[in-house]
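Undergrad: One file is attached below, my_file-v4.csv, containing CSV, N, CA and C atoms.
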chain,number,residue,atom,x,y,z
A,1,THR,N,15.2,2.2,-5.0
A,1,THR,CA,14.5,3.3,-5.7
A,1,THR,C,15.6,4.0,-6.6
A,2,SER,N,15.1,4.7,-7.6
A,2,SER,CA,16.0,5.5,-8.4
A,2,SER,C,15.2,6.6,-9.0
A,3,PRO,N,15.9,7.7,-9.4
A,3,PRO,CA,15.2,8.9,-9.9
A,3,PRO,C,14.5,8.6,-11.2
A,4,CYS,N,13.3,9.2,-11.4
A,4,CYS,CA,12.6,9.0,-12.6
A,4,CYS,C,12.9,10.2,-13.5
A,5,GLU,N,13.2,9.9,-14.8
A,5,GLU,CA,13.5,11.0,-15.7
A,5,GLU,C,12.4,12.0,-15.8
A,6,GLN,N,11.2,11.5,-15.9
A,6,GLN,CA,10.0,12.4,-16.0
A,6,GLN,C,9.1,12.2,-14.8
A,7,GLN,N,9.2,13.0,-13.8
A,7,GLN,CA,8.5,12.8,-12.6
A,7,GLN,C,7.0,12.7,-12.8
A,8,ALA,N,6.4,13.5,-13.7
A,8,ALA,CA,5.0,13.5,-14.0
A,8,ALA,C,4.6,12.2,-14.6
A,9,ASP,N,5.5,11.6,-15.5
A,9,ASP,CA,5.2,10.3,-16.1
A,9,ASP,C,5.2,9.2,-15.0
A,10,CYS,N,6.1,9.2,-14.1
A,10,CYS,CA,6.1,8.2,-13.0
A,10,CYS,C,4.8,8.3,-12.2
A,11,MET,N,4.4,9.5,-11.8
A,11,MET,CA,3.2,9.7,-11.0
A,11,MET,C,2.0,9.3,-11.8
A,12,ALA,N,1.9,9.5,-13.1
A,12,ALA,CA,0.8,9.1,-13.9
A,12,ALA,C,0.7,7.6,-13.9
A,13,ARG,N,1.8,6.9,-14.1
A,13,ARG,CA,1.8,5.4,-14.0
A,13,ARG,C,1.4,4.9,-12.7
A,14,TYR,N,1.9,5.5,-11.6
A,14,TYR,CA,1.5,5.1,-10.3
A,14,TYR,C,0.0,5.3,-10.0
A,15,ARG,N,-0.5,6.4,-10.4
A,15,ARG,CA,-2.0,6.7,-10.2
A,15,ARG,C,-2.8,5.7,-11.0
A,16,SER,N,-2.4,5.4,-12.2
A,16,SER,CA,-3.2,4.4,-13.1
A,16,SER,C,-3.2,3.1,-12.4
A,17,LEU,N,-2.0,2.6,-12.0
A,17,LEU,CA,-1.9,1.2,-11.4
A,17,LEU,C,-2.6,1.2,-10.1
A,18,HIS,N,-2.5,2.2,-9.3
A,18,HIS,CA,-3.2,2.3,-8.0
A,18,HIS,C,-4.7,2.2,-8.2
A,19,SER,N,-5.2,2.9,-9.2
A,19,SER,CA,-6.6,2.9,-9.4
A,19,SER,C,-7.1,1.5,-9.8
A,20,ILE,N,-6.4,0.8,-10.6
A,20,ILE,CA,-6.8,-0.5,-11.0
A,20,ILE,C,-6.7,-1.5,-9.8
A,21,LEU,N,-5.7,-1.4,-9.0
A,21,LEU,CA,-5.5,-2.3,-7.9
A,21,LEU,C,-6.7,-2.0,-6.8
A,22,SER,N,-7.0,-0.8,-6.7
A,22,SER,CA,-8.0,-0.4,-5.7
A,22,SER,C,-9.4,-0.8,-6.1
A,23,SER,N,-9.6,-1.0,-7.4
A,23,SER,CA,-10.9,-1.3,-7.9
A,23,SER,C,-11.4,-2.7,-7.5
A,24,GLY,N,-10.5,-3.6,-7.0
A,24,GLY,CA,-11.0,-4.8,-6.5
A,24,GLY,C,-10.3,-6.1,-7.0
A,25,GLY,N,-10.7,-6.7,-8.0
A,25,GLY,CA,-10.3,-8.1,-8.3
A,25,GLY,C,-8.9,-8.3,-8.8
A,26,VAL,N,-8.2,-7.3,-9.2
A,26,VAL,CA,-6.8,-7.4,-9.7
A,26,VAL,C,-5.8,-7.4,-8.5
A,27,LYS,N,-4.9,-8.3,-8.5
A,27,LYS,CA,-3.9,-8.3,-7.4
A,27,LYS,C,-2.5,-8.1,-8.0
A,28,LEU,N,-2.3,-8.4,-9.3
A,28,LEU,CA,-0.9,-8.3,-9.9
A,28,LEU,C,-1.1,-7.7,-11.3
A,29,LEU,N,-0.3,-6.6,-11.5
A,29,LEU,CA,-0.3,-6.0,-12.8
A,29,LEU,C,1.1,-6.0,-13.4
A,30,TYR,N,1.3,-6.3,-14.6
A,30,TYR,CA,2.6,-6.3,-15.3
A,30,TYR,C,2.4,-5.6,-16.6
A,31,ARG,N,3.0,-4.4,-16.6
A,31,ARG,CA,2.8,-3.5,-17.8
A,31,ARG,C,4.1,-3.2,-18.5
A,32,VAL,N,4.1,-3.4,-19.8
A,32,VAL,CA,5.3,-3.1,-20.6
A,32,VAL,C,5.0,-2.0,-21.6
A,33,ASN,N,5.8,-1.0,-21.8
A,33,ASN,CA,5.7,-0.1,-22.9
A,33,ASN,C,7.2,0.2,-23.4
A,34,SER,N,7.3,1.2,-24.3
A,34,SER,CA,8.6,1.5,-24.8
A,34,SER,C,9.5,2.1,-23.9
A,35,ARG,N,9.0,2.6,-22.7
A,35,ARG,CA,9.9,3.3,-21.8
A,35,ARG,C,10.1,2.6,-20.5
A,36,SER,N,9.3,1.6,-20.2
A,36,SER,CA,9.5,0.9,-18.9
A,36,SER,C,8.7,-0.4,-18.8
A,37,VAL,N,9.1,-1.2,-17.8
A,37,VAL,CA,8.3,-2.4,-17.4
A,37,VAL,C,7.9,-2.0,-15.9
A,38,THR,N,6.6,-2.0,-15.7
A,38,THR,CA,6.1,-1.6,-14.4
A,38,THR,C,5.2,-2.8,-13.8
A,39,VAL,N,5.4,-3.0,-12.5
A,39,VAL,CA,4.7,-4.0,-11.8
A,39,VAL,C,4.0,-3.4,-10.6
A,40,ALA,N,2.7,-3.7,-10.4
A,40,ALA,CA,2.0,-3.4,-9.2
A,40,ALA,C,1.5,-4.7,-8.6
A,41,TRP,N,1.7,-4.9,-7.3
A,41,TRP,CA,1.3,-6.1,-6.7
A,41,TRP,C,0.6,-5.8,-5.4
A,42,LYS,N,-0.5,-6.3,-5.2
A,42,LYS,CA,-1.3,-6.0,-4.0
A,42,LYS,C,-1.5,-7.3,-3.2
A,43,THR,N,-1.1,-7.3,-1.9
A,43,THR,CA,-1.3,-8.4,-1.0
A,43,THR,C,-2.0,-7.9,0.2
A,44,LYS,N,-2.3,-8.8,1.1
A,44,LYS,CA,-3.0,-8.4,2.4
A,44,LYS,C,-2.1,-7.5,3.2
A,45,ASN,N,-0.8,-7.6,3.1
A,45,ASN,CA,0.1,-6.9,4.0
A,45,ASN,C,0.7,-5.6,3.3
A,46,PHE,N,0.8,-5.6,2.0
A,46,PHE,CA,1.4,-4.4,1.4
A,46,PHE,C,1.0,-4.3,-0.1
A,47,HIS,N,1.3,-3.1,-0.6
A,47,HIS,CA,1.2,-2.8,-2.0
A,47,HIS,C,2.6,-2.5,-2.5
A,48,LEU,N,3.0,-3.1,-3.6
A,48,LEU,CA,4.3,-2.8,-4.2
A,48,LEU,C,4.1,-2.2,-5.6
A,49,PHE,N,4.8,-1.1,-5.9
A,49,PHE,CA,4.9,-0.5,-7.2
A,49,PHE,C,6.4,-0.4,-7.6
A,50,VAL,N,6.7,-1.0,-8.7
A,50,VAL,CA,8.2,-0.9,-9.1
A,50,VAL,C,8.3,-0.8,-10.6
A,51,SER,N,9.3,-0.1,-11.0
A,51,SER,CA,9.5,0.1,-12.5
A,51,SER,C,10.9,-0.3,-12.8
A,52,PHE,N,11.1,-0.9,-14.0
A,52,PHE,CA,12.4,-1.3,-14.5
A,52,PHE,C,12.6,-0.7,-15.9
A,53,GLY,N,13.8,-0.8,-16.4
A,53,GLY,CA,14.1,-0.4,-17.7
A,53,GLY,C,13.3,-1.2,-18.7
A,54,PRO,N,13.0,-0.6,-19.9
A,54,PRO,CA,12.1,-1.2,-20.9
A,54,PRO,C,12.6,-2.6,-21.5
A,55,LEU,N,13.9,-2.9,-21.3
A,55,LEU,CA,14.4,-4.2,-21.9
A,55,LEU,C,14.6,-5.2,-20.8
A,56,THR,N,14.1,-5.0,-19.6
A,56,THR,CA,14.3,-5.9,-18.5
A,56,THR,C,13.4,-7.1,-18.8
A,57,GLN,N,14.0,-8.3,-18.7
A,57,GLN,CA,13.3,-9.6,-18.9
A,57,GLN,C,12.3,-9.9,-17.8
A,58,ARG,N,11.2,-10.5,-18.1
A,58,ARG,CA,10.2,-10.9,-17.2
A,58,ARG,C,10.7,-11.7,-16.0
A,59,LYS,N,11.6,-12.7,-16.3
A,59,LYS,CA,12.2,-13.5,-15.3
A,59,LYS,C,13.0,-12.7,-14.3
A,60,THR,N,13.7,-11.7,-14.7
A,60,THR,CA,14.5,-10.8,-13.8
A,60,THR,C,13.5,-10.0,-13.0
A,61,VAL,N,12.4,-9.5,-13.5
A,61,VAL,CA,11.5,-8.7,-12.8
A,61,VAL,C,10.8,-9.5,-11.7
A,62,ILE,N,10.4,-10.7,-12.0
A,62,ILE,CA,9.8,-11.6,-11.0
A,62,ILE,C,10.7,-12.0,-9.9
A,63,GLN,N,12.0,-12.3,-10.3
A,63,GLN,CA,13.0,-12.6,-9.2
A,63,GLN,C,13.2,-11.4,-8.3
A,64,ALA,N,13.2,-10.2,-8.9
A,64,ALA,CA,13.5,-9.0,-8.1
A,64,ALA,C,12.4,-8.7,-7.1
A,65,ILE,N,11.1,-8.9,-7.5
A,65,ILE,CA,10.0,-8.5,-6.6
A,65,ILE,C,9.7,-9.6,-5.6
A,66,THR,N,10.2,-10.9,-5.8
A,66,THR,CA,9.9,-11.9,-4.8
A,66,THR,C,11.1,-11.9,-3.9
In C-alpha cells, how does this file's structure come out?
TA:
Amino acid sequence: TSPCEQQADCMARYRSLHSILSSGGVKLLYRVNSRSVTVAWKTKNFHLFVSFGPLTQRKTVIQAIT
C-alpha cells in the first residue's frame, strides 16, 4: 500500500470499480487515465483493488498482481 495524494479520488475510484465488479459478469477491470493505472480483480476467494503510477506498463501490472 501507499498513501494516495487525493484521498477522495482514491475512494471514488474504489467505489466505481467495486460497483462494476458487484454487478455480476465482470471479473477483471484494467483502467488507465492520466493519473493512474487501476486494476480490480474478483475471484471466488478475494477481491483485489490496486493502483499504480500512470506510466506503469501493463506487463509490470500483471506481474505484480499475480
Undergrad: Any idea what the distance is between atom C of His47 (chain A) and CA of His18 (chain A)?
TA: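 Computing it gives 9.3 Å between the two atoms.
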Undergrad: Going by DSSP on the backbone, which residues of chain A come out as strand (DSSP E or B)? List them as a ChimeraX atom specification.
TA: /A:28-32,37-42,47-52
Undergrad: Between CA of Leu17 (chain A) and atom N of Asn33 (chain A), measure the distance and give it in Å to one decimal.
TA: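 If I compute the distance from CA of Leu17 (chain A) to atom N of Asn33 (chain A), I get 13.1 Å.
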Undergrad: Using only N, CA and C atoms, which residues sit within 8 Å of region 55-61 of chain A once same-chain residues fewer than 2 positions away are excluded, as a list of chain:residue names?
TA: A:Asn33, A:Ser34, A:Arg35, A:Ser36, A:Val37, A:Phe52, A:Gly53, A:Gln63, A:Ala64, A:Ile65, A:Thr66
Undergrad: Excluding Ser51 (chain A) and any residue of its chain fewer than 3 positions from it, enumerate the residues within 8 Å of it, using all atoms listed in the file, and give them as a ChimeraX atom specification.
TA: /A:36-40,48,54
Undergrad: Quick one: distance from atom N of Arg13 (chain A) to atom C of Arg31 (chain A) in Å, one decimal?
TA: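 Here the two named atoms are 11.3 Å from each other.
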Undergrad: What are the DSSP helix (DSSP H, G or I) residues of region 3-50 of chain A, as a list in words?
TA: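 Filtering region 3-50 of chain A down to helix (DSSP H, G or I) leaves Gln7, Ala8, Asp9, Cys10, Met11, Ala12, Arg13, Tyr14, Arg15, Ser16, Leu17, His18, Ser19, Ile20, Leu21 and Ser22 of chain A.
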Undergrad: Leaving out Trp41 (chain A) and any residue of its chain fewer than 4 positions from it, which residues lie within 8 Å of it when counting all atoms listed in the file, given as a list of chain:residue names?
TA: A:Leu17, A:Leu21, A:Val26, A:Lys27, A:Leu28, A:Leu29, A:Tyr30, A:Phe46, A:His47, A:Leu48, A:Phe49, A:Val50
Undergrad: Output region 50-61 of chain A with N, CA, C and O atoms present, as a PDB file, in the frame of the given file.
TA:
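Generated file (selection.pdb):
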ATOM      1  N   VAL A  50       6.700  -1.000  -8.700  1.00  0.00           N
ATOM      2  CA  VAL A  50       8.200  -0.900  -9.100  1.00  0.00           C
ATOM      3  C   VAL A  50       8.300  -0.800 -10.600  1.00  0.00           C
ATOM      4  O   VAL A  50       7.441  -1.338 -11.354  1.00  0.00           O
ATOM      5  N   SER A  51       9.300  -0.100 -11.000  1.00  0.00           N
ATOM      6  CA  SER A  51       9.500   0.100 -12.500  1.00  0.00           C
ATOM      7  C   SER A  51      10.900  -0.300 -12.800  1.00  0.00           C
ATOM      8  O   SER A  51      11.850  -0.119 -12.024  1.00  0.00           O
ATOM      9  N   PHE A  52      11.100  -0.900 -14.000  1.00  0.00           N
ATOM     10  CA  PHE A  52      12.400  -1.300 -14.500  1.00  0.00           C
ATOM     11  C   PHE A  52      12.600  -0.700 -15.900  1.00  0.00           C
ATOM     12  O   PHE A  52      11.621  -0.224 -16.493  1.00  0.00           O
ATOM     13  N   GLY A  53      13.800  -0.800 -16.400  1.00  0.00           N
ATOM     14  CA  GLY A  53      14.100  -0.400 -17.700  1.00  0.00           C
ATOM     15  C   GLY A  53      13.300  -1.200 -18.700  1.00  0.00           C
ATOM     16  O   GLY A  53      12.836  -2.296 -18.473  1.00  0.00           O
ATOM     17  N   PRO A  54      13.000  -0.600 -19.900  1.00  0.00           N
ATOM     18  CA  PRO A  54      12.100  -1.200 -20.900  1.00  0.00           C
ATOM     19  C   PRO A  54      12.600  -2.600 -21.500  1.00  0.00           C
ATOM     20  O   PRO A  54      11.786  -3.321 -21.961  1.00  0.00           O
ATOM     21  N   LEU A  55      13.900  -2.900 -21.300  1.00  0.00           N
ATOM     22  CA  LEU A  55      14.400  -4.200 -21.900  1.00  0.00           C
ATOM     23  C   LEU A  55      14.600  -5.200 -20.800  1.00  0.00           C
ATOM     24  O   LEU A  55      15.125  -6.290 -21.088  1.00  0.00           O
ATOM     25  N   THR A  56      14.100  -5.000 -19.600  1.00  0.00           N
ATOM     26  CA  THR A  56      14.300  -5.900 -18.500  1.00  0.00           C
ATOM     27  C   THR A  56      13.400  -7.100 -18.800  1.00  0.00           C
ATOM     28  O   THR A  56      12.219  -7.033 -19.091  1.00  0.00           O
ATOM     29  N   GLN A  57      14.000  -8.300 -18.700  1.00  0.00           N
ATOM     30  CA  GLN A  57      13.300  -9.600 -18.900  1.00  0.00           C
ATOM     31  C   GLN A  57      12.300  -9.900 -17.800  1.00  0.00           C
ATOM     32  O   GLN A  57      12.559  -9.589 -16.619  1.00  0.00           O
ATOM     33  N   ARG A  58      11.200 -10.500 -18.100  1.00  0.00           N
ATOM     34  CA  ARG A  58      10.200 -10.900 -17.200  1.00  0.00           C
ATOM     35  C   ARG A  58      10.700 -11.700 -16.000  1.00  0.00           C
ATOM     36  O   ARG A  58      10.415 -11.490 -14.853  1.00  0.00           O
ATOM     37  N   LYS A  59      11.600 -12.700 -16.300  1.00  0.00           N
ATOM     38  CA  LYS A  59      12.200 -13.500 -15.300  1.00  0.00           C
ATOM     39  C   LYS A  59      13.000 -12.700 -14.300  1.00  0.00           C
ATOM     40  O   LYS A  59      12.856 -12.870 -13.048  1.00  0.00           O
ATOM     41  N   THR A  60      13.700 -11.700 -14.700  1.00  0.00           N
ATOM     42  CA  THR A  60      14.500 -10.800 -13.800  1.00  0.00           C
ATOM     43  C   THR A  60      13.500 -10.000 -13.000  1.00  0.00           C
ATOM     44  O   THR A  60      13.771  -9.782 -11.768  1.00  0.00           O
ATOM     45  N   VAL A  61      12.400  -9.500 -13.500  1.00  0.00           N
ATOM     46  CA  VAL A  61      11.500  -8.700 -12.800  1.00  0.00           C
ATOM     47  C   VAL A  61      10.800  -9.500 -11.700  1.00  0.00           C
ATOM     48  O   VAL A  61      10.777  -9.124 -10.526  1.00  0.00           O
TER      49      VAL A  61
END
